[in-house]
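Novice: Contents of entry08.cif (mmCIF, C-alpha atoms):
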data_structure
#
loop_
_atom_site.label_atom_id
_atom_site.label_comp_id
_atom_site.auth_asym_id
_atom_site.auth_seq_id
_atom_site.Cartn_x
_atom_site.Cartn_y
_atom_site.Cartn_z
CA MET A 2 125.69 89.45 211.08
CA LYS A 3 127.25 87.80 208.07
CA VAL A 4 128.30 84.82 210.18
CA SER A 5 124.85 84.34 211.72
CA LEU A 6 123.31 84.49 208.28
CA VAL A 7 125.58 81.73 207.01
CA THR A 8 124.80 79.75 210.16
CA ASN A 9 121.07 80.11 209.47
CA ILE A 10 121.45 78.84 205.93
CA LEU A 11 123.45 75.85 207.15
CA GLN A 12 120.91 75.13 209.92
CA ALA A 13 117.93 75.35 207.55
CA ASN A 14 119.73 72.94 205.22
CA GLU A 15 120.45 70.52 208.07
CA ARG A 16 116.73 70.32 208.92
CA ILE A 17 115.82 69.45 205.35
CA ALA A 18 118.71 67.00 205.07
CA GLU A 19 117.53 65.30 208.27
CA GLN A 20 114.02 64.87 206.82
CA ASN A 21 115.47 63.42 203.61
CA LYS A 22 117.60 61.06 205.65
CA GLN A 23 114.61 59.81 207.62
CA MET A 24 112.73 59.07 204.40
CA PHE A 25 115.71 57.16 202.97
CA ALA A 26 115.99 55.21 206.24
CA GLU A 27 112.33 54.20 206.11
CA LYS A 28 112.85 52.88 202.58
CA GLY A 29 116.13 51.16 203.55
CA ILE A 30 118.05 52.92 200.79
CA LEU A 31 121.78 53.52 201.18
CA VAL A 32 122.59 57.05 199.98
CA ILE A 33 126.14 58.13 199.22
CA ASN A 34 127.32 61.66 198.48
CA MET A 35 130.30 61.49 196.13
CA MET A 36 132.60 64.51 196.02
CA SER A 37 135.86 65.54 194.34
CA ALA A 38 137.58 68.27 192.36
CA PRO A 39 136.45 68.63 188.74
CA GLY A 40 137.70 65.82 186.53
CA ALA A 41 138.85 63.45 189.29
CA GLY A 42 136.81 60.62 187.78
CA LYS A 43 133.50 60.47 189.69
CA THR A 44 131.27 59.70 186.72
CA THR A 45 133.54 56.93 185.42
CA LEU A 46 133.67 55.38 188.90
CA ILE A 47 129.86 55.49 189.11
CA GLU A 48 129.58 53.82 185.69
CA HIS A 49 131.87 50.98 186.81
CA THR A 50 130.04 50.66 190.14
CA ILE A 51 126.65 50.40 188.46
CA ASN A 52 127.87 47.81 185.98
CA ALA A 53 129.43 45.73 188.77
CA LEU A 54 126.43 45.82 191.13
CA LYS A 55 123.29 46.38 189.06
CA ASN A 56 122.43 42.70 188.72
CA LYS A 57 122.37 42.37 192.49
CA TYR A 58 121.02 45.75 193.67
CA ARG A 59 118.56 48.33 192.38
CA ILE A 60 120.56 51.51 191.86
CA GLY A 61 119.59 55.13 191.19
CA VAL A 62 121.78 58.15 190.49
CA ILE A 63 121.49 61.90 190.97
CA GLU A 64 123.93 63.95 188.91
CA GLY A 65 124.84 67.45 190.14
CA ASP A 66 126.30 69.92 187.66
CA ILE A 67 126.20 73.66 187.22
CA GLN A 68 124.81 73.11 183.76
CA SER A 69 124.63 70.49 180.98
CA THR A 70 123.26 66.93 181.11
CA TYR A 71 126.53 65.41 179.98
CA ASP A 72 127.03 63.21 183.06
CA ALA A 73 123.40 62.10 183.30
CA ASP A 74 123.52 61.09 179.63
CA ARG A 75 126.55 58.91 180.37
CA ILE A 76 124.84 57.25 183.34
CA ALA A 77 121.59 56.70 181.41
CA VAL A 78 123.48 54.33 179.11
CA THR A 79 123.82 51.88 182.03
CA GLY A 80 120.02 51.59 182.20
CA VAL A 81 119.52 52.75 185.80
CA PRO A 82 117.23 55.67 186.70
CA VAL A 83 119.15 58.96 186.76
CA VAL A 84 118.11 62.55 187.45
CA GLN A 85 120.25 65.54 186.52
CA ILE A 86 120.25 68.55 188.84
CA ASN A 87 121.51 71.74 187.20
CA THR A 88 122.44 74.12 190.00
CA GLY A 89 122.58 77.09 187.60
CA GLY A 90 125.73 78.46 189.21
CA ALA A 91 125.62 77.06 192.74
CA CYS A 92 128.84 75.27 193.65
CA HIS A 93 127.39 72.35 195.65
CA LEU A 94 124.22 70.29 196.16
CA ASP A 95 122.02 70.76 199.23
CA GLY A 96 119.02 69.13 200.88
CA ASN A 97 116.42 71.09 198.93
CA MET A 98 117.89 70.19 195.55
CA ILE A 99 117.87 66.50 196.46
CA ARG A 100 114.27 66.76 197.65
CA ALA A 101 113.26 68.33 194.34
CA THR A 102 114.24 65.08 192.58
CA PHE A 103 111.98 62.87 194.74
CA PRO A 104 108.96 62.87 192.38
CA GLN A 105 111.19 61.43 189.66
CA PHE A 106 112.23 58.31 191.61
CA ASN A 107 110.37 55.23 192.82
CA PHE A 108 112.11 54.80 196.16
CA ASP A 109 110.33 51.51 196.86
CA ALA A 110 112.41 50.07 194.03
CA LEU A 111 115.88 51.25 195.11
CA ASP A 112 118.62 49.78 197.30
CA LEU A 113 121.35 52.30 196.56
CA LEU A 114 121.23 55.97 195.56
CA ILE A 115 124.51 57.51 194.41
CA VAL A 116 124.62 61.30 194.37
CA GLU A 117 127.42 62.85 192.33
CA ASN A 118 128.07 66.30 193.71
CA VAL A 119 129.33 69.32 191.75
CA GLY A 120 133.08 69.04 191.05
CA ASN A 121 134.53 71.17 193.83
CA LEU A 122 136.96 70.29 196.62
CA VAL A 123 135.62 72.99 198.97
CA CYS A 124 131.93 73.79 199.27
CA PRO A 125 130.20 70.37 198.96
CA ALA A 126 131.89 69.23 202.18
CA GLU A 127 129.90 71.82 204.15
CA PHE A 128 126.42 70.70 203.10
CA LYS A 129 124.46 67.60 204.06
CA MET A 130 121.68 66.36 201.82
CA GLY A 131 120.40 63.36 203.77
CA GLU A 132 123.15 60.93 202.77
CA ASP A 133 124.36 58.03 204.91
CA PHE A 134 127.91 59.13 204.30
CA LYS A 135 130.24 61.10 202.07
CA VAL A 136 133.03 59.60 199.98
CA MET A 137 135.62 61.52 198.02
CA LEU A 138 137.95 60.96 195.09
CA LEU A 139 141.39 62.47 194.74
CA SER A 140 143.16 61.84 191.43
CA VAL A 141 146.94 61.61 191.55
CA PRO A 142 147.59 64.36 188.92
CA GLU A 143 146.07 66.79 191.46
CA GLY A 144 149.08 66.25 193.73
CA ASP A 145 149.80 64.96 197.21
CA ASP A 146 149.42 68.37 198.91
CA LYS A 147 145.61 68.28 198.73
CA PRO A 148 144.82 66.88 202.22
CA LEU A 149 146.86 69.70 203.74
CA LYS A 150 145.16 72.37 201.61
CA TYR A 151 141.53 71.12 201.57
CA PRO A 152 141.23 69.31 204.90
CA LEU A 153 137.46 69.60 205.46
CA MET A 154 136.55 67.20 202.66
CA PHE A 155 139.01 64.60 203.96
CA TYR A 156 137.56 65.08 207.44
CA GLU A 157 133.92 64.74 206.36
CA SER A 158 134.37 61.66 204.17
CA ILE A 159 134.43 58.08 205.44
CA ALA A 160 136.23 56.77 202.36
CA LEU A 161 138.85 58.22 200.03
CA LEU A 162 139.36 56.79 196.55
CA VAL A 163 142.82 57.70 195.26
CA ASN A 164 142.11 57.55 191.52
CA LYS A 165 144.12 57.47 188.27
CA ILE A 166 146.98 55.52 189.85
CA ASP A 167 147.84 54.37 186.30
CA LEU A 168 149.31 57.90 185.89
CA LEU A 169 151.70 57.57 188.87
CA PRO A 170 154.77 56.95 186.66
CA TYR A 171 154.18 60.29 184.91
CA VAL A 172 153.26 62.68 187.76
CA ASP A 173 154.99 63.91 190.91
CA CYS A 174 152.67 62.48 193.53
CA SER A 175 153.26 60.17 196.48
CA VAL A 176 150.30 57.99 197.44
CA GLU A 177 152.07 57.32 200.74
CA LYS A 178 152.04 61.05 201.48
CA ILE A 179 148.34 61.31 200.57
CA ARG A 180 147.69 58.35 202.85
CA ALA A 181 149.69 59.74 205.77
CA GLU A 182 148.29 63.30 205.56
CA SER A 183 144.70 62.09 205.11
CA LEU A 184 144.90 59.79 208.11
CA LYS A 185 146.26 62.64 210.23
CA ILE A 186 143.06 64.57 209.44
CA ASN A 187 140.75 61.56 209.68
CA PRO A 188 142.29 58.46 211.32
CA ASN A 189 139.27 56.28 210.44
CA LEU A 190 139.30 57.11 206.72
CA LYS A 191 139.06 54.01 204.52
CA ILE A 192 141.47 54.46 201.60
CA PHE A 193 141.25 52.72 198.21
CA GLU A 194 143.86 53.02 195.47
CA ILE A 195 142.13 52.67 192.11
CA SER A 196 142.21 53.42 188.43
CA GLY A 197 138.95 54.04 186.63
CA LYS A 198 140.84 53.50 183.38
CA THR A 199 142.56 50.15 184.07
CA LYS A 200 139.97 49.10 186.72
CA VAL A 201 142.74 48.12 189.13
CA GLY A 202 141.62 48.24 192.77
CA LEU A 203 137.92 48.57 191.95
CA ASP A 204 136.98 45.16 193.38
CA ASN A 205 137.95 46.29 196.88
CA TRP A 206 135.64 49.30 196.52
CA PHE A 207 132.74 47.19 195.20
CA GLU A 208 133.11 44.75 198.09
CA TRP A 209 133.23 47.51 200.71
CA LEU A 210 130.22 49.29 199.20
CA GLN A 211 128.28 46.04 199.00
CA GLY A 212 128.85 45.57 202.74
CA LYS A 213 127.39 49.02 203.39
CA ILE A 214 124.33 48.30 201.18
CA GLU A 215 123.71 45.00 203.00
CA GLU A 216 123.96 46.72 206.37
CA LYS A 217 121.44 49.39 205.36
CA ASN A 218 119.09 47.12 203.44
CA GLY A 219 119.05 44.59 206.28
CA SER A 220 116.15 46.49 207.79
CA LYS A 221 113.98 45.78 204.70
CA SER A 222 113.90 41.98 204.74
CA MET B 52 115.16 87.73 199.40
CA LYS B 53 117.97 85.23 199.07
CA VAL B 54 118.75 86.48 195.58
CA SER B 55 118.83 90.16 196.60
CA LEU B 56 121.12 89.24 199.48
CA VAL B 57 123.57 87.53 197.14
CA THR B 58 123.32 90.52 194.81
CA ASN B 59 124.16 92.85 197.70
CA ILE B 60 127.23 90.84 198.61
CA LEU B 61 128.39 90.87 195.00
CA GLN B 62 127.73 94.61 194.67
CA ALA B 63 129.58 95.42 197.90
CA ASN B 64 132.50 93.37 196.62
CA GLU B 65 132.48 95.16 193.25
CA ARG B 66 132.80 98.52 194.98
CA ILE B 67 135.85 97.39 196.94
CA ALA B 68 137.34 95.69 193.87
CA GLU B 69 136.90 98.94 191.92
CA GLN B 70 138.80 100.89 194.61
CA ASN B 71 141.60 98.31 194.57
CA LYS B 72 141.74 98.53 190.79
CA GLN B 73 142.07 102.31 190.89
CA MET B 74 144.97 102.07 193.33
CA PHE B 75 146.75 99.48 191.14
CA ALA B 76 146.17 101.72 188.10
CA GLU B 77 147.74 104.71 189.86
CA LYS B 78 150.80 102.61 190.62
CA GLY B 79 150.90 101.17 187.09
CA ILE B 80 150.89 97.58 188.39
CA LEU B 81 149.46 94.81 186.23
CA VAL B 82 147.35 92.51 188.43
CA ILE B 83 146.30 89.06 187.26
CA ASN B 84 143.83 86.76 188.96
CA MET B 85 144.84 83.15 188.28
CA MET B 86 142.15 80.50 188.68
CA SER B 87 141.76 76.74 188.17
CA ALA B 88 140.55 73.52 189.74
CA PRO B 89 142.73 72.17 192.58
CA GLY B 90 145.99 70.70 191.34
CA ALA B 91 145.87 72.09 187.79
CA GLY B 92 149.38 73.53 188.22
CA LYS B 93 148.92 77.22 189.14
CA THR B 94 151.79 77.41 191.65
CA THR B 95 154.26 75.68 189.33
CA LEU B 96 153.30 78.05 186.50
CA ILE B 97 153.80 81.04 188.80
CA GLU B 98 157.24 79.72 189.83
CA HIS B 99 158.30 79.42 186.17
CA THR B 100 156.84 82.84 185.33
CA ILE B 101 158.73 84.53 188.17
CA ASN B 102 162.00 82.86 187.23
CA ALA B 103 161.58 83.88 183.58
CA LEU B 104 160.63 87.53 184.23
CA LYS B 105 162.08 88.55 187.59
CA ASN B 106 165.28 90.03 186.17
CA LYS B 107 163.23 92.37 184.01
CA TYR B 108 160.17 93.15 186.17
CA ARG B 109 159.46 93.56 189.88
CA ILE B 110 156.95 90.85 190.78
CA GLY B 111 154.79 90.21 193.84
CA VAL B 112 152.48 87.28 194.59
CA ILE B 113 149.37 86.75 196.71
CA GLU B 114 148.59 83.11 197.48
CA GLY B 115 144.99 82.19 198.32
CA ASP B 116 144.35 78.93 200.16
CA ILE B 117 141.77 77.73 202.62
CA GLN B 118 144.56 76.92 205.00
CA SER B 119 148.31 76.16 205.07
CA THR B 120 151.23 78.26 203.79
CA TYR B 121 152.46 75.52 201.49
CA ASP B 122 152.16 77.54 198.25
CA ALA B 123 153.57 80.78 199.71
CA ASP B 124 156.56 78.82 201.01
CA ARG B 125 157.20 77.53 197.48
CA ILE B 126 156.97 81.04 195.98
CA ALA B 127 159.20 82.54 198.71
CA VAL B 128 162.07 80.40 197.38
CA THR B 129 162.09 82.52 194.20
CA GLY B 130 162.94 85.59 196.28
CA VAL B 131 159.93 87.76 195.36
CA PRO B 132 157.59 89.24 197.99
CA VAL B 133 154.66 86.90 198.68
CA VAL B 134 151.69 87.10 201.04
CA GLN B 135 149.56 84.09 201.96
CA ILE B 136 145.83 84.63 202.47
CA ASN B 137 144.16 81.82 204.41
CA THR B 138 140.44 82.09 203.74
CA GLY B 139 139.60 79.78 206.65
CA GLY B 140 136.96 77.93 204.67
CA ALA B 141 135.89 80.45 202.03
CA CYS B 142 136.08 79.02 198.52
CA HIS B 143 137.36 82.10 196.66
CA LEU B 144 139.24 85.38 197.13
CA ASP B 145 137.43 88.73 197.14
CA GLY B 146 138.24 92.43 197.16
CA ASN B 147 138.43 92.73 200.94
CA MET B 148 140.90 89.89 201.29
CA ILE B 149 143.18 91.47 198.68
CA ARG B 150 142.93 94.82 200.42
CA ALA B 151 143.97 93.23 203.71
CA THR B 152 147.34 92.35 202.16
CA PHE B 153 148.14 95.96 201.14
CA PRO B 154 150.19 96.88 204.24
CA GLN B 155 152.51 93.99 203.48
CA PHE B 156 153.52 95.20 199.99
CA ASN B 157 155.48 98.17 198.71
CA PHE B 158 153.43 98.91 195.61
CA ASP B 159 155.86 101.58 194.44
CA ALA B 160 158.30 98.74 193.82
CA LEU B 161 156.08 96.39 191.78
CA ASP B 162 155.32 95.99 188.07
CA LEU B 163 153.31 92.77 188.24
CA LEU B 164 151.13 91.27 190.98
CA ILE B 165 150.05 87.67 190.47
CA VAL B 166 147.15 86.51 192.62
CA GLU B 167 146.69 82.75 192.87
CA ASN B 168 143.06 82.12 193.73
CA VAL B 169 141.71 79.17 195.77
CA GLY B 170 141.64 75.98 193.69
CA ASN B 171 138.02 75.91 192.54
CA LEU B 172 136.51 75.92 189.05
CA VAL B 173 133.27 77.57 190.18
CA CYS B 174 133.18 80.35 192.76
CA PRO B 175 136.32 82.42 192.00
CA ALA B 176 134.88 83.33 188.58
CA GLU B 177 132.07 85.28 190.28
CA PHE B 178 134.24 87.65 192.32
CA LYS B 179 136.40 90.55 191.20
CA MET B 180 139.26 91.69 193.39
CA GLY B 181 140.61 94.65 191.40
CA GLU B 182 142.56 92.65 188.83
CA ASP B 183 143.23 93.78 185.26
CA PHE B 184 142.08 90.40 184.04
CA LYS B 185 141.49 86.77 184.94
CA VAL B 186 143.39 83.83 183.46
CA MET B 187 142.61 80.17 184.02
CA LEU B 188 144.41 76.84 183.82
CA LEU B 189 142.80 73.59 182.77
CA SER B 190 144.98 70.49 183.06
CA VAL B 191 144.34 67.74 180.54
CA PRO B 192 143.73 64.95 183.13
CA GLU B 193 140.60 66.92 184.14
CA GLY B 194 139.06 66.08 180.78
CA ASP B 195 137.75 67.92 177.73
CA ASP B 196 134.17 68.25 179.05
CA LYS B 197 135.08 71.08 181.42
CA PRO B 198 134.17 74.12 179.25
CA LEU B 199 130.69 72.65 178.82
CA LYS B 200 130.28 71.99 182.54
CA TYR B 201 131.96 75.07 184.08
CA PRO B 202 131.35 77.75 181.44
CA LEU B 203 131.51 80.88 183.63
CA MET B 204 135.25 80.62 184.28
CA PHE B 205 135.96 80.21 180.56
CA TYR B 206 133.72 83.20 179.89
CA GLU B 207 135.35 85.45 182.50
CA SER B 208 138.98 84.68 181.60
CA ILE B 209 140.92 86.37 178.82
CA ALA B 210 143.48 83.56 178.58
CA LEU B 211 143.29 79.79 179.04
CA LEU B 212 146.43 77.76 179.75
CA VAL B 213 145.85 74.12 178.84
CA ASN B 214 148.40 72.53 181.17
CA LYS B 215 150.07 69.13 181.61
CA ILE B 216 150.04 68.39 177.88
CA ASP B 217 152.94 65.98 178.56
CA LEU B 218 150.20 63.65 179.93
CA LEU B 219 148.17 63.65 176.68
CA PRO B 220 149.40 60.18 175.60
CA TYR B 221 148.04 58.70 178.86
CA VAL B 222 144.64 60.39 179.28
CA ASP B 223 141.42 60.58 177.27
CA CYS B 224 141.36 64.26 176.46
CA SER B 225 141.20 66.17 173.19
CA VAL B 226 142.84 69.59 173.23
CA GLU B 227 140.99 70.34 170.01
CA LYS B 228 137.68 69.77 171.80
CA ILE B 229 138.77 72.01 174.71
CA ARG B 230 139.76 74.65 172.17
CA ALA B 231 136.50 74.43 170.20
CA GLU B 232 134.19 74.39 173.25
CA SER B 233 136.08 77.21 175.00
CA LEU B 234 135.95 79.45 171.94
CA LYS B 235 132.20 78.84 171.63
CA ILE B 236 131.83 80.31 175.14
CA ASN B 237 134.44 83.04 174.69
CA PRO B 238 135.50 83.69 171.07
CA ASN B 239 138.30 86.08 172.13
CA LEU B 240 139.94 83.65 174.57
CA LYS B 241 143.72 83.42 174.07
CA ILE B 242 144.70 79.75 174.41
CA PHE B 243 148.15 78.42 175.34
CA GLU B 244 149.11 74.74 175.35
CA ILE B 245 151.77 74.22 177.99
CA SER B 246 153.45 71.78 180.34
CA GLY B 247 154.70 73.05 183.68
CA LYS B 248 156.74 69.87 183.92
CA THR B 249 158.55 69.88 180.55
CA LYS B 250 158.23 73.69 180.12
CA VAL B 251 156.96 73.26 176.56
CA GLY B 252 154.87 76.21 175.39
CA LEU B 253 155.84 78.47 178.29
CA ASP B 254 157.75 80.95 176.14
CA ASN B 255 154.54 81.96 174.34
CA TRP B 256 152.91 82.68 177.70
CA PHE B 257 155.89 84.70 178.96
CA GLU B 258 155.91 86.78 175.79
CA TRP B 259 152.17 87.46 175.91
CA LEU B 260 152.31 88.38 179.62
CA GLN B 261 155.29 90.66 179.03
CA GLY B 262 153.25 92.52 176.42
CA LYS B 263 150.49 93.05 178.99
CA ILE B 264 152.98 94.31 181.61
CA GLU B 265 154.51 96.76 179.13
CA GLU B 266 151.05 98.06 178.19
CA LYS B 267 150.13 98.67 181.81
CA ASN B 268 153.50 99.95 182.98
CA GLY B 269 153.67 102.35 180.03
CA SER B 270 151.86 104.93 182.12
CA LYS B 271 154.72 104.97 184.66
CA SER B 272 157.63 106.05 182.50
#
Is it possible to express this structure as structure tokens?
Specialist:
Amino acid sequence: MKVSLVTNILQANERIAEQNKQMFAEKGILVINMMSAPGAGKTTLIEHTINALKNKYRIGVIEGDIQSTYDADRIAVTGVPVVQINTGGACHLDGNMIRATFPQFNFDALDLLIVENVGNLVCPAEFKMGEDFKVMLLSVPEGDDKPLKYPLMFYESIALLVNKIDLLPYVDCSVEKIRAESLKINPNLKIFEISGKTKVGLDNWFEWLQGKIEEKNGSKS
Amino acid sequence: MKVSLVTNILQANERIAEQNKQMFAEKGILVINMMSAPGAGKTTLIEHTINALKNKYRIGVIEGDIQSTYDADRIAVTGVPVVQINTGGACHLDGNMIRATFPQFNFDALDLLIVENVGNLVCPAEFKMGEDFKVMLLSVPEGDDKPLKYPLMFYESIALLVNKIDLLPYVDCSVEKIRAESLKINPNLKIFEISGKTKVGLDNWFEWLQGKIEEKNGSKS
């Protein structure tokens, strides 16, 4: 009874997510769903990504938070269109919430839509919203046991950004262990080692993402 | 419809949590529900707490994780009884899960039961399990915007342990801001500044916790 109810909610969400996805495909917009634990550095990574790519691509952002407009305010500084979703308690974004932002975007004028999910290493991995793919951040102060303990997010993502590697000298965390355990869960996972603070490793991420945008936007021209 | 359903689930949980609480009260056991984002340092804090207090009090631990027995294995080294709950996907512990561990404990031989919740800054705050109170950890690499963005957990906890303060020279985080924003949400919040790595500040926590154990255990003798 309880299980079938949860299944129904997930199925209803998948239908809406599929409709969103079709709309994004028609417009040739690459949509990425960015997930991590709270404070892993998603917003800072999005700021850097916008500043690196905004002269070449038209970017939009959806910020998901339980409350506050703190993250959207940060993104607005970059000059790209941004919409804040306040879930009012809900621990993840879903297809309906993304759809509710549609009237606030001009999708004919976007190449890339970055969705920053609620900071949570569990629930967001279970819900689609119409994205092309999920990516996740894991910051090294969180520890190298995270793939073992939160495997679904590592399984559902196509890329893992190991962030805050500038802190490696001061924390007990082995990037090699993160790498090995993550690849056991998801052998095709693309792994980047980065620091949002020192910007080391970010170029590899920009280049990879640019490839994905080109692939998706190819249908437009 | 959806709202009343969620309300029903929460109400059913509260009934079970209340029964658990009554049983713990009869046995004079202090039960604490420890919450934080993934990797904030809960397990390390529990290890230190056990080692500091185990010669004086009889301690038991419940470890909540989506999967793996990694944390319970760490706690078992200290020699105290520990039970691992694997939620199999669920993002928080609830009253039923705690009750399912009862046959594995001898509650006549416990003064303190520490429950380590699933690493998640959102959902665990919504569910009681029969605890005397909730405490939370926030590690400084997560950033000082967390009270603003995840207020419920700060509201529901009676103590906040600001952890990993040894990393303050290397991260952009103001403990004063954490303190000010947390107290705006919860003016009675007891705040500790600690490092699980260097052990600075832990004595204050041990002393405070000991006071709570004595209060609760008073009924026994």
Novice: When you get a sec, could you note down which chain B residues fall within 9 Å of chain A, using all atoms listed in the file, as a ChimeraX atom specification?
Specialist: /B:88-92,116-121,140-142,170-174,190,192-194,196-197,199-203,217-218,221-222,248
Novice: Generate a file of the selected residues that holds C-alpha atoms, formatted as a JSON list (two decimals), in the coordinates of the input.
Specialist:
[["chain", "number", "residue", "atom", "x", "y", "z"],
["B", 88, "ALA", "CA", 140.55, 73.52, 189.74],
["B", 89, "PRO", "CA", 142.73, 72.17, 192.58],
["B", 90, "GLY", "CA", 145.99, 70.70, 191.34],
["B", 91, "ALA", "CA", 145.87, 72.09, 187.79],
["B", 92, "GLY", "CA", 149.38, 73.53, 188.22],
["B", 116, "ASP", "CA", 144.35, 78.93, 200.16],
["B", 117, "ILE", "CA", 141.77, 77.73, 202.62],
["B", 118, "GLN", "CA", 144.56, 76.92, 205.00],
["B", 119, "SER", "CA", 148.31, 76.16, 205.07],
["B", 120, "THR", "CA", 151.23, 78.26, 203.79],
["B", 121, "TYR", "CA", 152.46, 75.52, 201.49],
["B", 140, "GLY", "CA", 136.96, 77.93, 204.67],
["B", 141, "ALA", "CA", 135.89, 80.45, 202.03],
["B", 142, "CYS", "CA", 136.08, 79.02, 198.52],
["B", 170, "GLY", "CA", 141.64, 75.98, 193.69],
["B", 171, "ASN", "CA", 138.02, 75.91, 192.54],
["B", 172, "LEU", "CA", 136.51, 75.92, 189.05],
["B", 173, "VAL", "CA", 133.27, 77.57, 190.18],
["B", 174, "CYS", "CA", 133.18, 80.35, 192.76],
["B", 190, "SER", "CA", 144.98, 70.49, 183.06],
["B", 192, "PRO", "CA", 143.73, 64.95, 183.13],
["B", 193, "GLU", "CA", 140.60, 66.92, 184.14],
["B", 194, "GLY", "CA", 139.06, 66.08, 180.78],
["B", 196, "ASP", "CA", 134.17, 68.25, 179.05],
["B", 197, "LYS", "CA", 135.08, 71.08, 181.42],
["B", 199, "LEU", "CA", 130.69, 72.65, 178.82],
["B", 200, "LYS", "CA", 130.28, 71.99, 182.54],
["B", 201, "TYR", "CA", 131.96, 75.07, 184.08],
["B", 202, "PRO", "CA", 131.35, 77.75, 181.44],
["B", 203, "LEU", "CA", 131.51, 80.88, 183.63],
["B", 217, "ASP", "CA", 152.94, 65.98, 178.56],
["B", 218, "LEU", "CA", 150.20, 63.65, 179.93],
["B", 221, "TYR", "CA", 148.04, 58.70, 178.86],
["B", 222, "VAL", "CA", 144.64, 60.39, 179.28],
["B", 248, "LYS", "CA", 156.74, 69.87, 183.92]]
Novice: Set the distance at 8 Å and use only C-alpha atoms: which residues neighbour Pro82 (chain A) once local chain neighbours fewer than 4 positions away are removed? I'd like the list as JSON, numbers by chain.
Specialist: {"A": [60, 61, 62, 77, 106]}
Novice: With C-alpha atoms retained, could you export that selection as a tab-separated table (two decimals), in the frame of the given file?
Specialist:
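result00.tsv was written with the following content:
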chain	number	residue	atom	x	y	z
A	60	ILE	CA	120.56	51.51	191.86
A	61	GLY	CA	119.59	55.13	191.19
A	62	VAL	CA	121.78	58.15	190.49
A	77	ALA	CA	121.59	56.70	181.41
A	106	PHE	CA	112.23	58.31	191.61
Novice: Apply the PyMOL selection byres ((chain B and resi 161) around 9) to the structure shown and report the selected residues as a ChimeraX atom specification.
Specialist: /B:78-81,108-111,156-160,162-164
Novice: One number please: CA of Glu15 (chain A) to CA of Ala126 (chain A), in Å, one decimal.
Specialist: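 Between these atoms lies a distance of 12.9 Å.
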Novice: Name every residue that the PyMOL selection byres ((chain A and resi 100) around 10) selects in this structure, writing the answer as a list in words with chains first and numbers rising.
Specialist: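 The output of the PyMOL selection byres ((chain A and resi 100) around 10) on this file is Ile17, Ala18, Gln20, Asn21, Asp95, Gly96, Asn97, Met98, Ile99, Ala101, Thr102, Phe103, Pro104, Met130 and Gly131 of chain A.
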Novice: Next, the residues of the selection above should be written as a PDB file, in the coordinates of the input with C-alpha atoms.
Specialist:
ATOM      1  CA  ILE A  17     115.820  69.450 205.350  1.00  0.00           C
ATOM      2  CA  ALA A  18     118.710  67.000 205.070  1.00  0.00           C
ATOM      3  CA  GLN A  20     114.020  64.870 206.820  1.00  0.00           C
ATOM      4  CA  ASN A  21     115.470  63.420 203.610  1.00  0.00           C
ATOM      5  CA  ASP A  95     122.020  70.760 199.230  1.00  0.00           C
ATOM      6  CA  GLY A  96     119.020  69.130 200.880  1.00  0.00           C
ATOM      7  CA  ASN A  97     116.420  71.090 198.930  1.00  0.00           C
ATOM      8  CA  MET A  98     117.890  70.190 195.550  1.00  0.00           C
ATOM      9  CA  ILE A  99     117.870  66.500 196.460  1.00  0.00           C
ATOM     10  CA  ALA A 101     113.260  68.330 194.340  1.00  0.00           C
ATOM     11  CA  THR A 102     114.240  65.080 192.580  1.00  0.00           C
ATOM     12  CA  PHE A 103     111.980  62.870 194.740  1.00  0.00           C
ATOM     13  CA  PRO A 104     108.960  62.870 192.380  1.00  0.00           C
ATOM     14  CA  MET A 130     121.680  66.360 201.820  1.00  0.00           C
ATOM     15  CA  GLY A 131     120.400  63.360 203.770  1.00  0.00           C
TER      16      GLY A 131
END
Novice: Please, what distance in Å, to one decimal, runs between CA of Leu211 (chain B) and CA of Val186 (chain B)?
Specialist: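 The value is 6.0 Å.
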Novice: Evaluate the PyMOL selection byres ((chain A and resi 205) around 12) on the structure here and hand back the selected residues as a list of chain:residue names.
Specialist: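 When the PyMOL selection byres ((chain A and resi 205) around 12) is applied to the shown file, the picked residues are A:Thr50, A:Ala53, A:Ala160, A:Leu162, A:Lys191, A:Ile192, A:Phe193, A:Glu194, A:Ile195, A:Ser196, A:Lys200, A:Val201, A:Gly202, A:Leu203, A:Asp204, A:Trp206, A:Phe207, A:Glu208, A:Trp209, A:Leu210, A:Gln211, A:Gly212.
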Novice: Tell me which of A:Met137, A:Leu94, A:Leu54, A:Val84 sits closest to Asn14 (chain A), counting all atoms listed in the file.
Specialist: A:Leu94
Novice: Which residue out of A:Thr199, A:Leu169, A:Ala13, A:Ala26 has the minimum interatomic distance to Leu46 (chain A) when all atoms listed in the file are used?
Specialist: A:Thr199
Novice: Select, from B:Gln73, B:Ser225, B:Gln135, B:Asn84, the residue with the minimum atom-to-atom distance to Lys179 (chain B), counting only C-alpha atoms.
Specialist: B:Asn84
Novice: What does the distance from CA of Arg180 (chain A) to CA of Ile159 (chain A) come to in Å, to one decimal?
Specialist: 13.5 Å
Novice: Edge lengths and centre in Å to one decimal, as lines of an AutoDock Vina configuration file, of the axis-aligned box that encloses all listed atoms of region 130-142 of chain A with 5 Å added on every side?
Specialist:
center_x = 134.0
center_y = 62.2
center_z = 196.9
size_x = 37.2
size_y = 18.3
size_z = 26.0
Novice: Which residue is closest to Glu265 (chain B)? Choose from B:Thr58, B:Val226, B:Asp124, B:Lys107 and count only C-alpha atoms.
Specialist: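 Ranking B:Thr58, B:Val226, B:Asp124, B:Lys107 by distance to Glu265 (chain B), first place goes to B:Lys107.
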